[in-house]
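Pasted below: run-v8.txt, compact mmCIF, N, CA and C atoms.
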# COMPACT_ATOMS: atom_id res chain seq x y z
N MET A 1 1.24 -42.24 -9.37
CA MET A 1 0.79 -41.42 -10.47
C MET A 1 2.01 -40.86 -11.21
N ALA A 2 1.95 -40.83 -12.52
CA ALA A 2 3.06 -40.36 -13.36
C ALA A 2 2.93 -38.85 -13.60
N TYR A 3 4.08 -38.18 -13.60
CA TYR A 3 4.13 -36.74 -13.81
C TYR A 3 5.21 -36.38 -14.82
N GLN A 4 5.02 -35.23 -15.45
CA GLN A 4 6.02 -34.64 -16.31
C GLN A 4 6.14 -33.17 -15.92
N TYR A 5 7.36 -32.69 -15.78
CA TYR A 5 7.59 -31.29 -15.42
C TYR A 5 8.51 -30.68 -16.46
N ARG A 6 8.08 -29.59 -17.06
CA ARG A 6 8.90 -28.86 -18.05
C ARG A 6 9.82 -27.93 -17.29
N THR A 7 11.12 -28.14 -17.41
CA THR A 7 12.09 -27.35 -16.65
C THR A 7 12.28 -25.97 -17.25
N LYS A 8 12.86 -25.08 -16.45
CA LYS A 8 13.13 -23.71 -16.87
C LYS A 8 14.56 -23.34 -16.48
N SER A 9 15.29 -22.76 -17.41
CA SER A 9 16.63 -22.19 -17.17
C SER A 9 17.70 -23.23 -16.83
N VAL A 10 17.52 -24.48 -17.25
CA VAL A 10 18.54 -25.51 -17.05
C VAL A 10 18.73 -26.29 -18.34
N CYS A 11 19.75 -27.14 -18.38
CA CYS A 11 20.06 -27.90 -19.59
C CYS A 11 19.03 -28.99 -19.87
N SER A 12 18.50 -29.62 -18.82
CA SER A 12 17.48 -30.64 -19.06
C SER A 12 16.19 -29.96 -19.52
N ARG A 13 15.40 -30.68 -20.31
CA ARG A 13 14.17 -30.10 -20.87
C ARG A 13 12.94 -30.51 -20.08
N ASN A 14 12.92 -31.74 -19.62
CA ASN A 14 11.77 -32.28 -18.89
C ASN A 14 12.25 -33.22 -17.80
N ILE A 15 11.41 -33.37 -16.79
CA ILE A 15 11.65 -34.37 -15.76
C ILE A 15 10.39 -35.23 -15.69
N PHE A 16 10.58 -36.53 -15.79
CA PHE A 16 9.49 -37.49 -15.68
C PHE A 16 9.68 -38.26 -14.38
N PHE A 17 8.59 -38.47 -13.63
CA PHE A 17 8.71 -39.19 -12.37
C PHE A 17 7.34 -39.68 -11.94
N ASP A 18 7.35 -40.59 -10.99
CA ASP A 18 6.11 -41.10 -10.39
C ASP A 18 6.09 -40.72 -8.93
N VAL A 19 4.90 -40.63 -8.38
CA VAL A 19 4.73 -40.45 -6.94
C VAL A 19 3.77 -41.54 -6.47
N ALA A 20 4.23 -42.32 -5.49
CA ALA A 20 3.42 -43.39 -4.93
C ALA A 20 3.55 -43.36 -3.42
N ASP A 21 2.44 -43.31 -2.71
CA ASP A 21 2.45 -43.28 -1.25
C ASP A 21 3.32 -42.17 -0.69
N GLY A 22 3.29 -41.00 -1.33
CA GLY A 22 4.04 -39.85 -0.85
C GLY A 22 5.54 -39.91 -1.10
N LYS A 23 5.97 -40.85 -1.96
CA LYS A 23 7.40 -41.01 -2.26
C LYS A 23 7.64 -40.87 -3.75
N VAL A 24 8.79 -40.31 -4.09
CA VAL A 24 9.15 -40.11 -5.48
C VAL A 24 9.87 -41.36 -6.01
N THR A 25 9.50 -41.79 -7.22
CA THR A 25 10.11 -42.96 -7.84
C THR A 25 10.27 -42.73 -9.33
N ASN A 26 11.09 -43.55 -9.94
CA ASN A 26 11.25 -43.58 -11.41
C ASN A 26 11.57 -42.22 -12.01
N VAL A 27 12.48 -41.48 -11.40
CA VAL A 27 12.84 -40.16 -11.91
C VAL A 27 13.72 -40.32 -13.16
N ARG A 28 13.36 -39.58 -14.20
CA ARG A 28 14.14 -39.59 -15.43
C ARG A 28 14.17 -38.18 -16.00
N PHE A 29 15.36 -37.70 -16.29
CA PHE A 29 15.53 -36.38 -16.89
C PHE A 29 15.71 -36.53 -18.39
N GLU A 30 15.14 -35.61 -19.14
CA GLU A 30 15.36 -35.54 -20.58
C GLU A 30 16.36 -34.42 -20.82
N GLY A 31 17.53 -34.77 -21.29
CA GLY A 31 18.59 -33.79 -21.49
C GLY A 31 19.37 -33.57 -20.20
N GLY A 32 20.26 -32.62 -20.23
CA GLY A 32 21.07 -32.32 -19.06
C GLY A 32 22.33 -33.16 -18.99
N CYS A 33 23.07 -33.00 -17.94
CA CYS A 33 24.32 -33.74 -17.72
C CYS A 33 23.97 -35.15 -17.26
N GLN A 34 24.20 -36.12 -18.12
CA GLN A 34 23.72 -37.47 -17.87
C GLN A 34 24.18 -38.05 -16.54
N GLY A 35 25.44 -37.88 -16.18
CA GLY A 35 25.92 -38.42 -14.91
C GLY A 35 25.22 -37.79 -13.72
N ASN A 36 25.09 -36.48 -13.76
CA ASN A 36 24.44 -35.77 -12.65
C ASN A 36 22.96 -36.13 -12.53
N THR A 37 22.27 -36.18 -13.65
CA THR A 37 20.84 -36.45 -13.59
C THR A 37 20.57 -37.90 -13.18
N GLN A 38 21.43 -38.82 -13.60
CA GLN A 38 21.28 -40.21 -13.15
C GLN A 38 21.54 -40.31 -11.65
N GLY A 39 22.54 -39.57 -11.18
CA GLY A 39 22.84 -39.57 -9.75
C GLY A 39 21.68 -39.04 -8.93
N ILE A 40 21.10 -37.93 -9.36
CA ILE A 40 19.93 -37.36 -8.68
C ILE A 40 18.81 -38.39 -8.63
N SER A 41 18.55 -39.00 -9.79
CA SER A 41 17.46 -39.98 -9.89
C SER A 41 17.63 -41.12 -8.90
N ARG A 42 18.83 -41.63 -8.79
CA ARG A 42 19.08 -42.75 -7.88
C ARG A 42 19.04 -42.33 -6.42
N LEU A 43 19.52 -41.14 -6.14
CA LEU A 43 19.55 -40.68 -4.75
C LEU A 43 18.16 -40.42 -4.18
N VAL A 44 17.25 -39.95 -5.00
CA VAL A 44 15.92 -39.62 -4.48
C VAL A 44 14.93 -40.78 -4.57
N GLU A 45 15.30 -41.88 -5.20
CA GLU A 45 14.41 -43.02 -5.37
C GLU A 45 13.84 -43.48 -4.03
N GLY A 46 12.52 -43.47 -3.91
CA GLY A 46 11.85 -43.92 -2.69
C GLY A 46 11.83 -42.91 -1.56
N MET A 47 12.33 -41.70 -1.82
CA MET A 47 12.40 -40.67 -0.78
C MET A 47 11.05 -39.95 -0.65
N PRO A 48 10.63 -39.66 0.58
CA PRO A 48 9.41 -38.86 0.75
C PRO A 48 9.56 -37.50 0.06
N LEU A 49 8.47 -37.00 -0.51
CA LEU A 49 8.51 -35.74 -1.25
C LEU A 49 9.11 -34.61 -0.42
N GLU A 50 8.67 -34.48 0.81
CA GLU A 50 9.15 -33.38 1.67
C GLU A 50 10.66 -33.45 1.88
N GLU A 51 11.20 -34.64 2.05
CA GLU A 51 12.65 -34.80 2.27
C GLU A 51 13.41 -34.47 0.99
N ALA A 52 12.92 -34.92 -0.15
CA ALA A 52 13.58 -34.62 -1.42
C ALA A 52 13.59 -33.10 -1.66
N ILE A 53 12.48 -32.45 -1.40
CA ILE A 53 12.40 -31.00 -1.56
C ILE A 53 13.40 -30.32 -0.63
N ARG A 54 13.42 -30.73 0.63
CA ARG A 54 14.32 -30.12 1.62
C ARG A 54 15.78 -30.24 1.18
N ARG A 55 16.16 -31.35 0.62
CA ARG A 55 17.56 -31.58 0.25
C ARG A 55 17.96 -30.86 -1.04
N MET A 56 17.02 -30.66 -1.97
CA MET A 56 17.39 -30.14 -3.29
C MET A 56 17.01 -28.68 -3.54
N GLU A 57 16.03 -28.18 -2.82
CA GLU A 57 15.54 -26.82 -3.07
C GLU A 57 16.66 -25.80 -2.87
N GLY A 58 16.80 -24.91 -3.85
CA GLY A 58 17.77 -23.81 -3.74
C GLY A 58 19.15 -24.12 -4.27
N ILE A 59 19.42 -25.36 -4.69
CA ILE A 59 20.72 -25.68 -5.28
C ILE A 59 20.84 -24.92 -6.60
N GLN A 60 21.98 -24.29 -6.83
CA GLN A 60 22.18 -23.52 -8.05
C GLN A 60 23.28 -24.13 -8.91
N CYS A 61 23.14 -23.96 -10.21
CA CYS A 61 24.13 -24.40 -11.18
C CYS A 61 24.72 -23.14 -11.80
N GLY A 62 25.94 -22.84 -11.44
CA GLY A 62 26.57 -21.62 -11.95
C GLY A 62 25.78 -20.39 -11.56
N PHE A 63 25.52 -19.54 -12.53
CA PHE A 63 24.80 -18.29 -12.28
C PHE A 63 23.36 -18.35 -12.77
N LYS A 64 22.83 -19.57 -12.94
CA LYS A 64 21.48 -19.73 -13.48
C LYS A 64 20.38 -19.42 -12.48
N GLY A 65 20.69 -19.46 -11.19
CA GLY A 65 19.68 -19.23 -10.17
C GLY A 65 18.83 -20.46 -9.89
N THR A 66 19.13 -21.56 -10.55
CA THR A 66 18.43 -22.82 -10.34
C THR A 66 19.35 -23.95 -10.81
N SER A 67 18.86 -25.16 -10.78
CA SER A 67 19.63 -26.33 -11.22
C SER A 67 18.64 -27.46 -11.50
N CYS A 68 19.14 -28.56 -12.02
CA CYS A 68 18.25 -29.71 -12.23
C CYS A 68 17.67 -30.23 -10.91
N PRO A 69 18.48 -30.34 -9.83
CA PRO A 69 17.88 -30.76 -8.57
C PRO A 69 16.84 -29.75 -8.06
N ASP A 70 17.11 -28.47 -8.20
CA ASP A 70 16.17 -27.44 -7.77
C ASP A 70 14.89 -27.52 -8.59
N GLN A 71 15.00 -27.80 -9.88
CA GLN A 71 13.82 -27.93 -10.73
C GLN A 71 12.97 -29.13 -10.30
N LEU A 72 13.62 -30.24 -9.92
CA LEU A 72 12.88 -31.39 -9.42
C LEU A 72 12.17 -31.02 -8.12
N ALA A 73 12.84 -30.27 -7.25
CA ALA A 73 12.21 -29.83 -6.00
C ALA A 73 10.98 -28.97 -6.30
N LYS A 74 11.07 -28.09 -7.29
CA LYS A 74 9.93 -27.25 -7.67
C LYS A 74 8.77 -28.12 -8.16
N ALA A 75 9.08 -29.13 -8.96
CA ALA A 75 8.04 -30.03 -9.47
C ALA A 75 7.35 -30.75 -8.32
N LEU A 76 8.13 -31.26 -7.38
CA LEU A 76 7.57 -31.98 -6.24
C LEU A 76 6.75 -31.05 -5.35
N LYS A 77 7.22 -29.82 -5.20
CA LYS A 77 6.50 -28.84 -4.38
C LYS A 77 5.14 -28.51 -5.00
N GLU A 78 5.08 -28.44 -6.31
CA GLU A 78 3.80 -28.19 -6.99
C GLU A 78 2.80 -29.29 -6.66
N ILE A 79 3.28 -30.52 -6.64
CA ILE A 79 2.40 -31.66 -6.31
C ILE A 79 1.89 -31.54 -4.89
N LEU A 80 2.78 -31.23 -3.96
CA LEU A 80 2.36 -31.08 -2.56
C LEU A 80 1.36 -29.94 -2.40
N ASP A 81 1.61 -28.83 -3.10
CA ASP A 81 0.70 -27.69 -3.01
C ASP A 81 -0.69 -28.03 -3.52
N LYS A 82 -0.78 -28.85 -4.56
CA LYS A 82 -2.07 -29.26 -5.11
C LYS A 82 -2.80 -30.21 -4.19
N GLN A 83 -2.06 -30.93 -3.35
CA GLN A 83 -2.68 -31.88 -2.42
C GLN A 83 -3.29 -31.17 -1.22
N ASP A 84 -2.84 -29.96 -0.93
CA ASP A 84 -3.35 -29.22 0.24
C ASP A 84 -4.71 -28.62 -0.02
Render the structure in this file as structure tokens.
Amino acid sequence: MAYQYRTKSVCSRNIFFDVADGKVTNVRFEGGCQGNTQGISRLVEGMPLEEAIRRMEGIQCGFKGTSCPDQLAKALKEILDKQD
């Protein structure tokens, strides 16, 4: 299933991704630091949602209190919460 998440307090504006069989795929960030967001996308490809959340949740970018990886973790967590 395809998802879009509107980010908050980071340079990227949106995160687009799919979830299939409990795994995150096809992650694409709109905006943000291109090298970093491409790296995140490739690293989480095929990763179970829970593992991706565990690895990225709480990462901060400067003094923003969040980051692009943290925003992706929040998006994935929302999906898991809706499944419960």
- Task: Can you pull out every residue within 8 Å of range 8-25 of chain A, counting all atoms listed in the file, but drop anything in the same chain fewer than 2 positions away, and send it as a PyMOL selection string?
- Result: chain A and resi 1-6+27-33+41+44-50+52+64-68+71-72
- Grab the CA of Leu76 in chain A to CA of Phe63 in chain A distance for me, in Å with one decimal place. 22.8 Å
- Task: Run DSSP on the backbone and give me the residues of chain A it puts in strand (DSSP E or B), as an MDAnalysis selection string.
- Result: chainID A and resid 2:6 12:20 23:31 47:48
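A straight line drawn from CA of Cys61 in chain A to CA of Asn36 in chain A is 11.5 Å long.
Note that the spacing between CA of Ile53 in chain A and atom N of Ala73 in chain A amounts to 5.8 Å.
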- Residues near Pro69 in chain A, cut-off 6.5 Å, all atoms listed in the file, skip fewer than 3 positions along chain, as a VMD selection string: chain A and resid 56 to 59 72 to 74
Output N, CA and C atoms of each residue in that selection to a file, as a CSV table (one decimal), in the frame of the given file.
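The result, stored in again_34.csv:
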chain,number,residue,atom,x,y,z
A,56,MET,N,17.0,-30.7,-2.0
A,56,MET,CA,17.4,-30.1,-3.3
A,56,MET,C,17.0,-28.7,-3.5
A,57,GLU,N,16.0,-28.2,-2.8
A,57,GLU,CA,15.5,-26.8,-3.1
A,57,GLU,C,16.7,-25.8,-2.9
A,58,GLY,N,16.8,-24.9,-3.8
A,58,GLY,CA,17.8,-23.8,-3.7
A,58,GLY,C,19.2,-24.1,-4.3
A,59,ILE,N,19.4,-25.4,-4.7
A,59,ILE,CA,20.7,-25.7,-5.3
A,59,ILE,C,20.8,-24.9,-6.6
A,72,LEU,N,13.6,-30.2,-9.9
A,72,LEU,CA,12.9,-31.4,-9.4
A,72,LEU,C,12.2,-31.0,-8.1
A,73,ALA,N,12.8,-30.3,-7.2
A,73,ALA,CA,12.2,-29.8,-6.0
A,73,ALA,C,11.0,-29.0,-6.3
A,74,LYS,N,11.1,-28.1,-7.3
A,74,LYS,CA,9.9,-27.2,-7.7
A,74,LYS,C,8.8,-28.1,-8.2
